[in-house]
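Trainee: Structure: target23.cif, mmCIF, C-alpha atoms.
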data_entry
#
loop_
_atom_site.label_atom_id
_atom_site.label_comp_id
_atom_site.auth_asym_id
_atom_site.auth_seq_id
_atom_site.Cartn_x
_atom_site.Cartn_y
_atom_site.Cartn_z
CA MET A 1 16.01 -21.58 24.81
CA ILE A 2 13.28 -19.13 25.85
CA GLU A 3 9.97 -20.71 26.82
CA LEU A 4 6.94 -18.52 27.49
CA GLU A 5 4.36 -20.85 28.99
CA GLY A 6 1.09 -19.15 29.85
CA VAL A 7 1.56 -16.23 27.48
CA PRO A 8 -1.38 -16.12 25.02
CA GLU A 9 -1.04 -15.50 21.32
CA LEU A 10 -0.53 -11.77 20.92
CA ILE A 11 -2.25 -9.38 18.52
CA ASP A 12 0.05 -7.18 16.39
CA PRO A 13 2.53 -6.88 19.29
CA VAL A 14 4.93 -3.96 19.66
CA MET A 15 7.75 -4.03 22.21
CA VAL A 16 8.22 -0.75 24.12
CA ALA A 17 11.39 -0.51 26.23
CA ALA A 18 13.04 2.00 28.54
CA PHE A 19 16.05 1.76 30.84
CA GLU A 20 16.92 3.77 33.92
CA GLY A 21 20.33 5.43 33.98
CA TRP A 22 22.33 7.28 31.37
CA ASN A 23 19.57 7.34 28.73
CA ASP A 24 16.81 8.45 31.11
CA ALA A 25 17.11 12.17 31.96
CA GLY A 26 14.49 13.18 34.51
CA ASP A 27 13.30 9.54 34.60
CA ALA A 28 11.12 10.55 31.65
CA ALA A 29 11.54 7.36 29.57
CA SER A 30 11.25 4.83 32.40
CA GLY A 31 8.34 6.89 33.73
CA ALA A 32 6.53 6.50 30.39
CA VAL A 33 6.80 2.69 30.41
CA ALA A 34 5.82 2.62 34.10
CA HIS A 35 2.72 4.67 33.21
CA LEU A 36 1.72 2.20 30.48
CA ASP A 37 2.24 -0.72 32.83
CA ARG A 38 0.22 0.96 35.58
CA GLU A 39 -2.69 2.18 33.42
CA TRP A 40 -3.15 -1.18 31.65
CA LYS A 41 -2.37 -3.29 34.72
CA GLY A 42 0.47 -5.23 33.18
CA GLU A 43 1.73 -8.35 34.91
CA VAL A 44 5.35 -9.46 34.73
CA PHE A 45 5.83 -12.73 32.85
CA ALA A 46 9.64 -12.79 32.60
CA ALA A 47 12.74 -11.25 34.15
CA LEU A 48 16.36 -11.40 33.06
CA ASP A 49 18.86 -13.01 35.45
CA ALA A 50 20.37 -10.12 37.40
CA GLU A 51 23.62 -12.05 37.95
CA ASP A 52 24.34 -11.97 34.22
CA TYR A 53 24.14 -8.23 33.62
CA TYR A 54 24.41 -6.09 36.76
CA ASP A 55 27.20 -5.00 39.07
CA PHE A 56 25.52 -5.02 42.47
CA GLN A 57 28.00 -2.46 43.85
CA VAL A 58 26.66 -0.04 41.22
CA ASN A 59 22.97 -1.08 41.30
CA ARG A 60 22.43 -2.44 44.79
CA PRO A 61 19.61 -4.83 45.73
CA THR A 62 17.04 -3.61 48.25
CA VAL A 63 15.77 -5.33 51.40
CA TRP A 64 12.12 -5.16 52.40
CA LEU A 65 9.78 -6.79 54.90
CA ASP A 66 6.89 -9.05 53.89
CA ASN A 67 4.81 -9.77 57.02
CA GLY A 68 7.96 -9.55 59.09
CA VAL A 69 10.02 -11.71 56.72
CA ARG A 70 13.05 -10.00 55.16
CA LYS A 71 13.19 -10.32 51.36
CA ILE A 72 15.54 -8.99 48.69
CA THR A 73 14.61 -7.39 45.37
CA TRP A 74 17.40 -7.63 42.83
CA PRO A 75 17.95 -4.97 40.15
CA THR A 76 17.04 -6.40 36.77
CA THR A 77 14.96 -5.95 33.61
CA ARG A 78 11.38 -7.27 33.57
CA LEU A 79 8.88 -7.90 30.78
CA SER A 80 5.11 -7.62 30.94
CA VAL A 81 2.28 -7.76 28.40
CA VAL A 82 -0.75 -5.48 28.20
CA ARG A 83 -3.69 -5.59 25.81
CA ILE A 84 -5.13 -2.40 24.34
CA GLY A 85 -8.85 -2.76 23.80
CA GLY A 86 -11.10 -0.95 21.36
CA ALA A 87 -12.21 -1.53 17.80
CA LYS A 88 -8.70 -2.65 16.77
CA PRO A 89 -7.10 -4.34 19.80
CA ARG A 90 -3.36 -4.93 19.94
CA ASP A 91 -0.76 -5.91 22.51
CA LEU A 92 2.28 -4.17 23.94
CA VAL A 93 5.27 -6.00 25.39
CA LEU A 94 6.68 -3.63 28.00
CA VAL A 95 10.37 -3.85 28.89
CA ARG A 96 11.43 -1.86 31.93
CA GLY A 97 14.77 -2.12 33.66
CA ILE A 98 18.16 -0.60 34.38
CA GLU A 99 20.94 -0.05 31.88
CA PRO A 100 23.10 -3.18 32.32
CA SER A 101 26.60 -2.99 33.77
CA MET A 102 28.08 -5.68 31.51
CA ARG A 103 27.50 -8.12 28.63
CA TRP A 104 25.40 -5.72 26.57
CA ARG A 105 25.37 -7.88 23.45
CA SER A 106 24.05 -10.89 25.37
CA PHE A 107 21.51 -8.62 27.06
CA CYS A 108 20.18 -7.40 23.71
CA ASN A 109 20.18 -10.91 22.24
CA GLU A 110 18.09 -12.17 25.15
CA LEU A 111 15.54 -9.39 24.69
CA LEU A 112 15.43 -10.12 20.95
CA GLY A 113 14.85 -13.78 21.76
CA PHE A 114 11.72 -12.78 23.67
CA ALA A 115 10.68 -10.51 20.79
CA HIS A 116 11.04 -13.37 18.30
CA GLU A 117 9.10 -15.86 20.43
CA LEU A 118 6.29 -13.36 20.99
CA GLY A 119 6.05 -12.36 17.33
CA VAL A 120 6.91 -8.71 17.98
CA GLU A 121 6.46 -6.61 14.84
CA MET A 122 8.44 -3.55 15.94
CA VAL A 123 10.61 -2.41 18.85
CA VAL A 124 10.28 1.14 20.19
CA VAL A 125 12.96 2.23 22.67
CA LEU A 126 12.31 5.37 24.71
CA GLY A 127 15.09 7.68 25.88
CA ALA A 128 15.52 11.12 27.40
CA LEU A 129 18.45 13.50 27.15
CA LEU A 130 19.54 16.79 28.67
CA GLY A 131 19.38 19.64 26.19
CA ASP A 132 19.19 23.40 25.64
CA THR A 133 15.41 23.54 25.67
CA PRO A 134 13.18 25.84 27.76
CA HIS A 135 10.74 24.27 30.19
CA THR A 136 8.03 26.69 29.02
CA ARG A 137 7.77 25.24 25.50
CA PRO A 138 6.54 21.84 24.24
CA VAL A 139 9.08 19.10 24.89
CA PRO A 140 10.96 18.23 21.68
CA VAL A 141 10.74 14.51 20.85
CA SER A 142 12.88 13.11 18.05
CA GLY A 143 12.15 9.80 16.35
CA VAL A 144 15.20 8.10 14.85
CA THR A 145 15.87 4.76 13.18
CA SER A 146 18.69 2.93 11.39
CA ASP A 147 16.24 1.54 8.82
CA ALA A 148 16.01 3.71 5.69
CA ASP A 149 12.65 2.23 4.66
CA LEU A 150 11.20 2.75 8.13
CA ALA A 151 12.48 6.32 8.17
CA ARG A 152 10.69 7.03 4.91
CA THR A 153 7.38 5.30 5.64
CA MET A 154 6.99 6.56 9.23
CA ASP A 155 8.42 10.06 8.75
CA LEU A 156 11.43 9.46 11.00
CA GLU A 157 15.02 10.61 10.90
CA GLU A 158 17.64 8.14 9.71
CA THR A 159 20.34 8.37 12.35
CA LYS A 160 23.85 9.32 11.27
CA TYR A 161 25.19 9.81 14.78
CA GLU A 162 28.80 8.85 15.56
CA GLY A 163 30.13 8.78 19.11
CA PRO A 164 29.61 7.15 22.52
CA THR A 165 26.32 5.34 22.96
CA GLY A 166 24.13 3.82 25.68
CA ILE A 167 21.97 0.72 25.82
CA VAL A 168 19.26 2.48 23.77
CA GLY A 169 21.59 2.86 20.79
CA VAL A 170 23.02 -0.64 21.20
CA LEU A 171 19.57 -2.27 21.35
CA GLN A 172 18.39 -0.35 18.28
CA GLU A 173 21.41 -1.53 16.27
CA ALA A 174 20.93 -5.11 17.51
CA CYS A 175 17.34 -4.96 16.23
CA THR A 176 18.55 -3.67 12.87
CA HIS A 177 21.07 -6.49 12.46
CA ALA A 178 18.41 -9.02 13.48
CA GLY A 179 15.98 -7.66 10.89
CA VAL A 180 13.52 -6.32 13.49
CA PRO A 181 12.14 -2.82 12.73
CA ALA A 182 13.22 -0.50 15.53
CA VAL A 183 12.65 3.14 16.44
CA SER A 184 14.09 5.27 19.23
CA LEU A 185 12.07 8.18 20.62
CA TRP A 186 14.12 10.83 22.46
CA ALA A 187 12.67 13.55 24.69
CA ALA A 188 14.81 16.62 25.45
CA VAL A 189 14.78 17.61 29.13
CA PRO A 190 15.93 21.13 30.19
CA HIS A 191 19.41 20.66 31.60
CA TYR A 192 18.90 23.44 34.14
CA VAL A 193 16.12 21.46 35.82
CA SER A 194 17.15 17.84 35.36
CA GLN A 195 15.98 16.35 38.66
CA PRO A 196 13.35 13.62 38.31
CA PRO A 197 10.53 13.24 37.85
CA ASN A 198 9.71 15.20 34.72
CA PRO A 199 6.04 14.44 33.92
CA LYS A 200 6.01 16.92 31.04
CA ALA A 201 8.71 14.95 29.19
CA THR A 202 7.00 11.66 30.03
CA LEU A 203 3.74 13.02 28.59
CA ALA A 204 5.53 14.14 25.40
CA LEU A 205 7.00 10.65 24.89
CA LEU A 206 3.60 9.03 25.33
CA ASN A 207 2.00 11.45 22.84
CA ARG A 208 4.69 10.64 20.28
CA LEU A 209 4.25 6.92 20.92
CA GLU A 210 0.51 7.32 20.27
CA ASP A 211 1.25 8.90 16.90
CA LEU A 212 3.86 6.30 15.99
CA ILE A 213 1.85 3.13 16.56
CA ASP A 214 -1.66 4.61 16.27
CA ILE A 215 -3.07 3.83 19.71
CA ARG A 216 -4.89 5.77 22.42
CA ILE A 217 -3.07 5.92 25.77
CA PRO A 218 -5.06 6.78 28.92
CA LEU A 219 -3.13 9.63 30.49
CA GLY A 220 -4.77 9.73 33.92
CA GLU A 221 -3.35 12.54 36.07
CA LEU A 222 -0.24 12.97 33.92
CA PRO A 223 -1.40 16.17 32.12
CA GLU A 224 -2.20 17.82 35.46
CA ASP A 225 1.14 16.67 36.87
CA ALA A 226 2.89 18.19 33.85
CA ARG A 227 1.13 21.53 34.36
CA ALA A 228 1.99 21.53 38.07
CA TRP A 229 5.63 20.72 37.25
CA GLN A 230 5.86 23.65 34.82
CA LEU A 231 4.26 26.06 37.30
CA GLY A 232 6.72 24.95 39.96
CA VAL A 233 9.70 25.54 37.68
CA ASP A 234 8.22 28.91 36.65
CA GLN A 235 8.17 29.98 40.29
CA LEU A 236 11.73 28.84 40.91
CA ALA A 237 12.99 30.58 37.78
CA ALA A 238 11.20 33.83 38.70
CA GLU A 239 13.18 33.96 41.96
CA ASP A 240 16.50 34.24 40.09
CA SER A 241 16.83 36.99 37.49
CA GLU A 242 19.84 35.33 35.84
CA VAL A 243 17.97 32.06 35.39
CA ALA A 244 14.91 33.93 34.08
CA GLU A 245 17.08 35.73 31.54
CA TYR A 246 18.65 32.46 30.43
CA VAL A 247 15.24 30.84 30.00
CA GLN A 248 14.11 33.79 27.89
CA THR A 249 17.16 33.33 25.65
CA LEU A 250 16.28 29.67 25.16
CA GLU A 251 12.67 30.59 24.41
CA GLU A 252 13.69 33.04 21.69
CA ALA A 253 16.03 30.51 20.09
CA ARG A 254 13.39 27.79 20.23
CA ASP A 255 10.62 29.97 18.82
CA THR A 256 12.82 31.01 15.91
CA ALA A 257 13.79 27.42 15.13
CA ASP A 258 10.21 26.12 15.44
CA LEU A 259 8.50 28.82 13.39
CA PRO A 260 8.02 26.58 10.32
CA GLU A 261 6.49 23.89 12.57
CA ALA A 262 3.70 26.25 13.66
CA SER A 263 1.64 24.91 10.79
CA GLY A 264 1.42 21.86 8.57
CA ASP A 265 2.45 18.51 10.00
CA ALA A 266 2.59 19.66 13.64
CA ILE A 267 -1.00 20.93 13.58
CA ALA A 268 -2.18 17.84 11.70
CA ARG A 269 -0.65 15.51 14.30
CA GLU A 270 -2.25 17.43 17.16
CA PHE A 271 -5.66 17.38 15.46
CA GLU A 272 -5.41 13.63 14.80
CA ARG A 273 -4.60 13.07 18.48
CA TYR A 274 -7.62 15.17 19.46
CA LEU A 275 -9.92 13.12 17.22
CA ARG A 276 -8.46 9.86 18.54
CA ARG A 277 -9.22 10.87 22.12
CA ARG A 278 -12.85 11.75 21.20
CA ASP A 279 -13.45 8.39 19.50
CA PRO A 280 -15.47 6.19 21.90
CA SER A 281 -14.39 3.07 20.00
CA ALA A 282 -10.80 3.79 20.96
CA GLU A 283 -11.46 3.37 24.68
CA PRO A 284 -8.91 1.00 26.23
CA GLY A 285 -10.00 -2.29 27.69
CA ASP A 286 -9.47 -3.36 31.28
CA GLY A 287 -5.83 -4.08 30.41
CA SER A 288 -4.85 -7.16 32.43
CA TYR A 289 -5.33 -10.57 30.87
CA LEU A 290 -2.07 -12.34 31.64
CA ARG A 291 -2.37 -14.16 34.98
CA ASP A 292 0.42 -16.72 35.20
CA THR A 293 3.14 -15.28 36.56
CA SER A 294 11.40 18.83 44.66
CA SER A 295 13.48 20.36 41.93
CA GLY A 296 16.18 23.05 42.00
CA LEU A 297 17.49 25.13 39.10
CA THR A 298 21.11 25.28 37.97
CA LEU A 299 22.16 28.01 35.59
CA PRO A 300 24.73 26.65 33.11
CA PRO A 301 27.67 28.66 31.79
CA LYS A 302 26.70 30.73 28.77
CA ARG A 303 27.59 28.94 25.56
CA LYS A 304 26.53 28.73 21.94
CA GLN A 305 23.66 26.51 20.87
CA ASP A 306 24.82 23.21 19.44
CA PRO A 307 23.08 21.95 16.30
CA PRO A 308 20.75 19.01 17.00
CA ALA A 309 22.03 15.55 16.17
CA GLU A 310 19.99 12.86 14.47
CA GLU A 311 20.39 10.61 17.50
CA PRO A 312 20.64 13.42 20.02
CA PRO A 313 23.18 13.02 22.84
CA PRO A 314 22.51 14.27 26.36
CA ALA A 315 24.72 17.12 27.54
CA THR A 316 25.57 15.05 30.62
CA PRO A 317 24.49 11.83 32.25
CA PRO A 318 21.14 12.72 33.87
CA SER A 319 22.44 12.79 37.43
CA ALA A 320 25.32 15.13 36.72
CA THR A 321 25.58 18.90 36.51
CA PRO A 322 25.76 20.66 33.10
CA PRO A 323 29.17 20.50 31.39
CA ASP A 324 31.67 23.27 30.97
CA GLU A 325 32.07 24.82 27.56
CA ASP A 326 35.03 22.62 26.60
CA ASP A 327 33.40 19.32 27.58
CA THR A 328 32.37 16.94 24.84
CA PRO A 329 28.84 15.65 25.46
CA PRO A 330 28.31 11.87 25.34
CA GLU A 331 25.70 10.29 23.15
CA ALA A 332 22.51 9.07 24.73
#
Using the file provided, produce a representation of the structure as structure tokens.

Mentor:
Amino acid sequence: MIELEGVPELIDPVMVAAFEGWNDAGDAASGAVAHLDREWKGEVFAALDAEDYYDFQVNRPTVWLDNGVRKITWPTTRLSVVRIGGAKPRDLVLVRGIEPSMRWRSFCNELLGFAHELGVEMVVVLGALLGDTPHTRPVPVSGVTSDADLARTMDLEETKYEGPTGIVGVLQEACTHAGVPAVSLWAAVPHYVSQPPNPKATLALLNRLEDLIDIRIPLGELPEDARAWQLGVDQLAAEDSEVAEYVQTLEEARDTADLPEASGDAIAREFERYLRRRDPSAEPGDGSYLRDTSSGLTLPPKRKQDPPAEEPPPATPPSATPPDEDDTPPEA
């Protein structure tokens, strides 16, 4: 039985989760949750038992010195709570960890046990995939759900994906079967520059999260980091004419596909975000209230553009090189 002593009663809580590994191209998703935890000074109140879910030969513990005393940090998944201040305060339960090596159903059930005890109203799982998208354009972020009503009321896609899945897909389905509203937000990372970090993709996920749950997220230095990242990739691409030509091809395809989005809903969302950031009443509080506990470019082989999937799969696991033409991409 899960007991959460010392955790106060939460206000309209939403659980936001991200997992390092297969579903985290460019560390964009885990970087987004880390940013929320850092900006709102979250404090860990619970951690899953690493022995139950991780293969330590795959995810090794680390040794560090604390005043000359050797200590070990075990790979696991940790939960923290942050409060968003302003005229309409609410709480976020942040889940940040590593994709488990085993016992995925028990892993998801344990997280859902925390969600139930904390009164979580919705679960948002962040993911990032490798895709045919140019680094010079806005990062595409897809919002998908298995709940038809949620898809309709929140303007999301109802996923119809079939194929291999990661912990993001498994947790979303576990939420659906448990009757907990769940959404997955996927950022597409250029597969020719997949090395982490990718602050531009992290920023895109946070912007989409703002729109989804109607909050204002302090971005700190993230916008400047995103601009610096893009300028760095621009310089690397300019040094290789073949890469520059490939990027131009992706730009043309993207601009053609996004032409209808140049007006309407896309502009409305951006304007709403602008107004939200100007609203003094939306300033975040001090956050903490819980006290108890160098990129290279890889030019892929030329191939046809694949149509986007509802729950979009990465072209490769984030740490791998782009696939050959005959490879079948796994699902994120």

Trainee: Write out as an mmCIF file with C-alpha atoms, keeping the file's coordinate frame each polymer residue whose atoms come within 6 Å of range 89-93 of chain A, counting all atoms listed in the file; drop sequence neighbours fewer than 2 positions from it.

Mentor:
data_model
loop_
_atom_site.group_PDB
_atom_site.id
_atom_site.type_symbol
_atom_site.label_atom_id
_atom_site.label_comp_id
_atom_site.auth_asym_id
_atom_site.auth_seq_id
_atom_site.Cartn_x
_atom_site.Cartn_y
_atom_site.Cartn_z
ATOM 1 C CA ILE A 11 -2.250 -9.380 18.520
ATOM 2 C CA ASP A 12 0.050 -7.180 16.390
ATOM 3 C CA PRO A 13 2.530 -6.880 19.290
ATOM 4 C CA VAL A 14 4.930 -3.960 19.660
ATOM 5 C CA MET A 15 7.750 -4.030 22.210
ATOM 6 C CA SER A 80 5.110 -7.620 30.940
ATOM 7 C CA VAL A 81 2.280 -7.760 28.400
ATOM 8 C CA VAL A 82 -0.750 -5.480 28.200
ATOM 9 C CA ARG A 83 -3.690 -5.590 25.810
ATOM 10 C CA ILE A 84 -5.130 -2.400 24.340
ATOM 11 C CA GLY A 85 -8.850 -2.760 23.800
ATOM 12 C CA GLY A 86 -11.100 -0.950 21.360
#

Trainee: I need the residue set behind the PyMOL selection byres ((chain A and resi 217) around 8) for this file; please write it as number ranges by chain.

Mentor: A: 36, 206, 210, 215-216, 218-219, 284

Trainee: Fewer than 4 positions away in the same chain doesn't count, so skip those; otherwise give me all residues within 9 Å of Thr136 in chain A, counting only C-alpha atoms, as a PDB file with C-alpha atoms, in the coordinates of the input.

Mentor:
ATOM      1  CA  GLN A 230       5.860  23.650  34.820  1.00  0.00           C
ATOM      2  CA  VAL A 233       9.700  25.540  37.680  1.00  0.00           C
ATOM      3  CA  ASP A 234       8.220  28.910  36.650  1.00  0.00           C
ATOM      4  CA  VAL A 247      15.240  30.840  30.000  1.00  0.00           C
ATOM      5  CA  GLU A 251      12.670  30.590  24.410  1.00  0.00           C
TER       6      GLU A 251
END

Trainee: Identify which of the residues A:Trp22, A:Trp40, A:Tyr53, A:Tyr246 lies closest to Pro190 in chain A, counting only C-alpha atoms when measuring atom-to-atom distances.

Mentor: A:Tyr246

Trainee: Which of these residues is nearest to Trp229 in chain A, using only C-alpha atoms: A:Lys200, A:Glu252, A:Leu65, A:Thr77?

Mentor: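 Comparing A:Lys200, A:Glu252, A:Leu65, A:Thr77 against Trp229 in chain A, the winner is A:Lys200.
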
Trainee: Identify which of the residues A:Ile98, A:Leu79, A:Ala25, A:Leu203 lies closest to Asp225 in chain A, counting all atoms listed in the file when measuring atom-to-atom distances.

Mentor: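 Ranked by minimum distance to Asp225 in chain A, first place goes to A:Leu203.
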
Trainee: So which one's closest to Gln195 in chain A, A:Leu94, A:Val124, A:Leu130, A:Val69? Using all atoms listed in the file, please.

Mentor: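 Among A:Leu94, A:Val124, A:Leu130, A:Val69, it is A:Leu130 that comes nearest to Gln195 in chain A.
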
Trainee: Would you please work out which residue, of A:Asp149, A:Asp155, A:Asp255, A:Asp24, is nearest to Glu99 in chain A when using only C-alpha atoms?

Mentor: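 Answer, going by the shortest atom-to-atom distance: A:Asp24.
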
Trainee: Which residue is closest to Gly6 in chain A? Choose from A:Tyr54, A:Trp64, A:Phe114, A:Phe45 and count all atoms listed in the file.

Mentor: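 Among the listed residues, the smallest separation from Gly6 in chain A belongs to A:Phe45.
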
Trainee: Using the chain letters and numbers from the file, give me the residues hit by the PyMOL selection byres ((chain A and resi 165-180) around 9), as a VMD selection string.

Mentor: chain A and resid 17 to 19 22 to 23 99 to 100 104 to 105 107 to 109 111 to 112 115 to 116 120 to 127 145 to 147 162 to 164 181 to 184 311 313 330 to 332

Trainee: Can I get the selection written as an mmCIF file, keeping the file's coordinate frame, with C-alpha atoms?

Mentor:
data_model
loop_
_atom_site.group_PDB
_atom_site.id
_atom_site.type_symbol
_atom_site.label_atom_id
_atom_site.label_comp_id
_atom_site.auth_asym_id
_atom_site.auth_seq_id
_atom_site.Cartn_x
_atom_site.Cartn_y
_atom_site.Cartn_z
ATOM 1 C CA ALA A 17 11.390 -0.510 26.230
ATOM 2 C CA ALA A 18 13.040 2.000 28.540
ATOM 3 C CA PHE A 19 16.050 1.760 30.840
ATOM 4 C CA TRP A 22 22.330 7.280 31.370
ATOM 5 C CA ASN A 23 19.570 7.340 28.730
ATOM 6 C CA GLU A 99 20.940 -0.050 31.880
ATOM 7 C CA PRO A 100 23.100 -3.180 32.320
ATOM 8 C CA TRP A 104 25.400 -5.720 26.570
ATOM 9 C CA ARG A 105 25.370 -7.880 23.450
ATOM 10 C CA PHE A 107 21.510 -8.620 27.060
ATOM 11 C CA CYS A 108 20.180 -7.400 23.710
ATOM 12 C CA ASN A 109 20.180 -10.910 22.240
ATOM 13 C CA LEU A 111 15.540 -9.390 24.690
ATOM 14 C CA LEU A 112 15.430 -10.120 20.950
ATOM 15 C CA ALA A 115 10.680 -10.510 20.790
ATOM 16 C CA HIS A 116 11.040 -13.370 18.300
ATOM 17 C CA VAL A 120 6.910 -8.710 17.980
ATOM 18 C CA GLU A 121 6.460 -6.610 14.840
ATOM 19 C CA MET A 122 8.440 -3.550 15.940
ATOM 20 C CA VAL A 123 10.610 -2.410 18.850
ATOM 21 C CA VAL A 124 10.280 1.140 20.190
ATOM 22 C CA VAL A 125 12.960 2.230 22.670
ATOM 23 C CA LEU A 126 12.310 5.370 24.710
ATOM 24 C CA GLY A 127 15.090 7.680 25.880
ATOM 25 C CA THR A 145 15.870 4.760 13.180
ATOM 26 C CA SER A 146 18.690 2.930 11.390
ATOM 27 C CA ASP A 147 16.240 1.540 8.820
ATOM 28 C CA GLU A 162 28.800 8.850 15.560
ATOM 29 C CA GLY A 163 30.130 8.780 19.110
ATOM 30 C CA PRO A 164 29.610 7.150 22.520
ATOM 31 C CA PRO A 181 12.140 -2.820 12.730
ATOM 32 C CA ALA A 182 13.220 -0.500 15.530
ATOM 33 C CA VAL A 183 12.650 3.140 16.440
ATOM 34 C CA SER A 184 14.090 5.270 19.230
ATOM 35 C CA GLU A 311 20.390 10.610 17.500
ATOM 36 C CA PRO A 313 23.180 13.020 22.840
ATOM 37 C CA PRO A 330 28.310 11.870 25.340
ATOM 38 C CA GLU A 331 25.700 10.290 23.150
ATOM 39 C CA ALA A 332 22.510 9.070 24.730
#

Trainee: What is the distance, in Å and to one decimal place, between CA of Arg254 in chain A and CA of Tyr192 in chain A?

Mentor: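 If I compute the distance from CA of Arg254 in chain A to CA of Tyr192 in chain A, I get 15.6 Å.
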
Trainee: List as number ranges by chain the residues having at least one atom at most 12 Å from position (2.4, 10.5, 23.1) as given in the file, counting all atoms listed in the file.

Mentor: A: 29, 32-33, 35-36, 126, 139-143, 185-187, 200-219, 222-223, 269-270, 272-274, 276-277

Trainee: One decimal, Å: what's the distance from CA of Pro75 in chain A over to CA of Ala128 in chain A, could you say?

Mentor: 20.7 Å

Trainee: Which value, in Å to one decimal, gives the distance between CA of Ala253 in chain A and CA of Val189 in chain A?

Mentor: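 Rounded to one decimal, the two atoms are 15.8 Å apart.
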
Trainee: Once the PyMOL selection byres ((chain A and resi 9) around 9) has been evaluated on this model, what residues remain selected, and can you format them as a JSON list (two decimals) with C-alpha atoms, in the frame of the given file?

Mentor:
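Output (out.json):
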[["chain", "number", "residue", "atom", "x", "y", "z"],
["A", 7, "VAL", "CA", 1.56, -16.23, 27.48],
["A", 8, "PRO", "CA", -1.38, -16.12, 25.02],
["A", 10, "LEU", "CA", -0.53, -11.77, 20.92],
["A", 11, "ILE", "CA", -2.25, -9.38, 18.52],
["A", 118, "LEU", "CA", 6.29, -13.36, 20.99],
["A", 119, "GLY", "CA", 6.05, -12.36, 17.33]]

Trainee: Quick one: axis-aligned box around all listed atoms of range 119-134 of chain A, 3 Å on every side, centre and edge lengths in Å to one decimal, written as JSON.

Mentor:
{"center_x": 12.8, "center_y": 6.7, "center_z": 21.8, "size_x": 19.5, "size_y": 44.2, "size_z": 19.8}
